[in-house]
Amino acid sequence: AVLAPLRHPLLLAKELATLDLLSKGRLVVLPTVSWSEDEYAALQVPFARRGRLLDEHLAAWQRLWEPGPASFEGEHYRFHDVWLEPKPY
């Protein structure tokens, strides 16, 4: 499991894609949000928005893992003309 809202979607997408490529497609990821407010408070991430943050992560990952460049406009995250390599296996 990975607490996606506690990481930036660009960095996490890159790490997951690299791990998936190295494992030849065997990576299984369970993105989740957790129930512990303390984890969010420690990183100053709004606990009440964790579901919306995860939704944006999933949408951003989908764009990033398609042929690039990728752009995304969300409520919490935005990026334009980003090239992410390597792509997942």
# chains A, B, ... in the order shown; residues from 1 in each chain; ligands from 1
$ closest_atom_pairs --of "stretch 7-69 of chain A" --to "stretch 74-86 of chain A" --cutoff "8 Å" --atoms "only C-alpha atoms" --output "Markdown table"
| residue | atom | partner | partner_atom | distance |
| --- | --- | --- | --- | --- |
| A:Pro9 | CA | A:Tyr77 | CA | 7.9 |
| A:Lys14 | CA | A:Leu84 | CA | 6.7 |
| A:Ala17 | CA | A:Pro86 | CA | 6.5 |
| A:Thr18 | CA | A:Pro86 | CA | 6.2 |
| A:Leu21 | CA | A:Pro86 | CA | 7.5 |
| A:Leu53 | CA | A:His76 | CA | 6.9 |
| A:Glu56 | CA | A:Gly74 | CA | 6.5 |
| A:Leu64 | CA | A:Leu84 | CA | 6.2 |
| A:Trp65 | CA | A:Leu84 | CA | 7.3 |
| A:Gly68 | CA | A:Trp83 | CA | 5.5 |
| A:Pro69 | CA | A:Asp81 | CA | 4.8 |
$ select_by_dssp --residues "chain A" --states "helix (DSSP H, G or I)" --output "number ranges by chain"
A: 4-6, 9-22, 37-42, 47-64
$ write_last_selection --atoms "C-alpha atoms" --output "mmCIF file, in the first residue's frame"
data_model
loop_
_atom_site.group_PDB
_atom_site.id
_atom_site.type_symbol
_atom_site.label_atom_id
_atom_site.label_comp_id
_atom_site.auth_asym_id
_atom_site.auth_seq_id
_atom_site.Cartn_x
_atom_site.Cartn_y
_atom_site.Cartn_z
ATOM 1 C CA ALA A 4 -0.495 8.569 -2.310
ATOM 2 C CA PRO A 5 -1.830 11.893 -0.942
ATOM 3 C CA LEU A 6 1.329 12.250 1.147
ATOM 4 C CA PRO A 9 1.918 12.663 -8.039
ATOM 5 C CA LEU A 10 4.791 13.364 -10.462
ATOM 6 C CA LEU A 11 7.422 11.849 -8.192
ATOM 7 C CA LEU A 12 5.265 8.888 -7.238
ATOM 8 C CA ALA A 13 4.312 8.193 -10.877
ATOM 9 C CA LYS A 14 8.014 8.144 -11.803
ATOM 10 C CA GLU A 15 8.931 5.823 -8.917
ATOM 11 C CA LEU A 16 6.060 3.424 -9.625
ATOM 12 C CA ALA A 17 6.758 3.333 -13.367
ATOM 13 C CA THR A 18 10.439 2.602 -12.750
ATOM 14 C CA LEU A 19 9.667 -0.172 -10.252
ATOM 15 C CA ASP A 20 7.115 -1.667 -12.628
ATOM 16 C CA LEU A 21 9.621 -1.659 -15.489
ATOM 17 C CA LEU A 22 12.354 -3.212 -13.345
ATOM 18 C CA GLU A 37 -4.777 12.289 10.886
ATOM 19 C CA ASP A 38 -1.334 12.447 12.514
ATOM 20 C CA GLU A 39 0.384 11.271 9.321
ATOM 21 C CA TYR A 40 -1.216 14.111 7.381
ATOM 22 C CA ALA A 41 -0.581 16.705 10.083
ATOM 23 C CA ALA A 42 3.120 15.810 10.162
ATOM 24 C CA PHE A 47 -6.648 15.265 6.016
ATOM 25 C CA ALA A 48 -10.203 16.161 4.938
ATOM 26 C CA ARG A 49 -9.087 16.347 1.285
ATOM 27 C CA ARG A 50 -7.289 13.000 1.178
ATOM 28 C CA GLY A 51 -9.926 11.359 -1.050
ATOM 29 C CA ARG A 52 -9.862 14.186 -3.576
ATOM 30 C CA LEU A 53 -6.065 14.179 -3.522
ATOM 31 C CA LEU A 54 -6.034 10.457 -4.292
ATOM 32 C CA ASP A 55 -8.525 10.941 -7.135
ATOM 33 C CA GLU A 56 -6.204 13.541 -8.656
ATOM 34 C CA HIS A 57 -3.211 11.240 -8.255
ATOM 35 C CA LEU A 58 -4.965 8.500 -10.185
ATOM 36 C CA ALA A 59 -5.985 10.890 -12.972
ATOM 37 C CA ALA A 60 -2.486 12.392 -13.167
ATOM 38 C CA TRP A 61 -0.824 8.957 -13.272
ATOM 39 C CA GLN A 62 -3.055 7.921 -16.135
ATOM 40 C CA ARG A 63 -1.967 10.979 -18.147
ATOM 41 C CA LEU A 64 1.699 10.575 -17.225
#
$ closest_residue --among "A:Ser36, A:Tyr89, A:Pro31, A:Lys24" --to "A:Glu66" --atoms "only C-alpha atoms"
A:Tyr89
$ atom_distance --atom1 "atom CA of A:Leu43" --atom2 "atom CA of A:Val29"
21.9 Å
$ select_by_dssp --residues "chain A" --states "strand (DSSP E)" --output "NGL selection string"
:A and (2-3 or 31-32 or 70-73 or 78-82)
$ closest_residue --among "A:Val2, A:His8, A:Ala70, A:Pro88" --to "A:Val33" --atoms "only C-alpha atoms"
A:Val2
$ decode --residues "stretch 19-36 of chain A" --atoms "N, CA, C and O atoms" --output "short mmCIF file (atom, residue, chain, number, x, y, z; two decimals), in the first residue's frame"
data_model
loop_
_atom_site.label_atom_id
_atom_site.label_comp_id
_atom_site.auth_asym_id
_atom_site.auth_seq_id
_atom_site.Cartn_x
_atom_site.Cartn_y
_atom_site.Cartn_z
N LEU A 19 9.76 1.12 -10.93
CA LEU A 19 9.67 -0.17 -10.25
C LEU A 19 8.92 -1.19 -11.10
O LEU A 19 9.30 -2.37 -11.16
N ASP A 20 7.86 -0.76 -11.78
CA ASP A 20 7.12 -1.67 -12.63
C ASP A 20 7.97 -2.16 -13.79
O ASP A 20 7.95 -3.34 -14.13
N LEU A 21 8.74 -1.27 -14.38
CA LEU A 21 9.62 -1.66 -15.49
C LEU A 21 10.69 -2.63 -15.01
O LEU A 21 10.94 -3.66 -15.65
N LEU A 22 11.31 -2.33 -13.88
CA LEU A 22 12.35 -3.21 -13.35
C LEU A 22 11.82 -4.59 -12.99
O LEU A 22 12.52 -5.59 -13.10
N SER A 23 10.56 -4.66 -12.55
CA SER A 23 9.96 -5.94 -12.18
C SER A 23 9.27 -6.62 -13.37
O SER A 23 8.63 -7.64 -13.21
N LYS A 24 9.41 -6.01 -14.55
CA LYS A 24 8.79 -6.53 -15.78
C LYS A 24 7.27 -6.70 -15.64
O LYS A 24 6.70 -7.71 -16.00
N GLY A 25 6.64 -5.67 -15.06
CA GLY A 25 5.19 -5.64 -14.96
C GLY A 25 4.60 -6.36 -13.76
O GLY A 25 3.38 -6.52 -13.69
N ARG A 26 5.42 -6.73 -12.81
CA ARG A 26 4.90 -7.48 -11.65
C ARG A 26 4.53 -6.58 -10.47
O ARG A 26 4.07 -7.07 -9.45
N LEU A 27 4.73 -5.27 -10.59
CA LEU A 27 4.40 -4.37 -9.49
C LEU A 27 2.89 -4.30 -9.31
O LEU A 27 2.15 -4.10 -10.26
N VAL A 28 2.46 -4.47 -8.08
CA VAL A 28 1.04 -4.31 -7.72
C VAL A 28 1.00 -3.19 -6.68
O VAL A 28 1.65 -3.27 -5.65
N VAL A 29 0.23 -2.17 -6.97
CA VAL A 29 0.16 -1.00 -6.09
C VAL A 29 -1.25 -0.87 -5.56
O VAL A 29 -2.22 -0.98 -6.31
N LEU A 30 -1.35 -0.61 -4.28
CA LEU A 30 -2.64 -0.36 -3.64
C LEU A 30 -2.62 1.07 -3.10
O LEU A 30 -2.21 1.31 -1.97
N PRO A 31 -3.02 2.04 -3.93
CA PRO A 31 -3.04 3.42 -3.42
C PRO A 31 -4.17 3.58 -2.42
O PRO A 31 -5.29 3.14 -2.66
N THR A 32 -3.86 4.18 -1.30
CA THR A 32 -4.84 4.33 -0.23
C THR A 32 -4.66 5.70 0.43
O THR A 32 -3.74 6.44 0.09
N VAL A 33 -5.54 6.01 1.37
CA VAL A 33 -5.51 7.33 2.01
C VAL A 33 -5.22 7.29 3.51
O VAL A 33 -4.86 8.31 4.08
N SER A 34 -5.39 6.18 4.17
CA SER A 34 -5.15 6.00 5.61
C SER A 34 -6.24 6.65 6.44
O SER A 34 -7.03 7.46 5.96
N TRP A 35 -6.26 6.32 7.69
CA TRP A 35 -7.25 6.85 8.63
C TRP A 35 -6.60 7.73 9.68
O TRP A 35 -7.25 8.34 10.51
N SER A 36 -5.26 7.81 9.66
CA SER A 36 -4.52 8.51 10.71
C SER A 36 -4.29 9.98 10.36
O SER A 36 -3.52 10.31 9.46
#
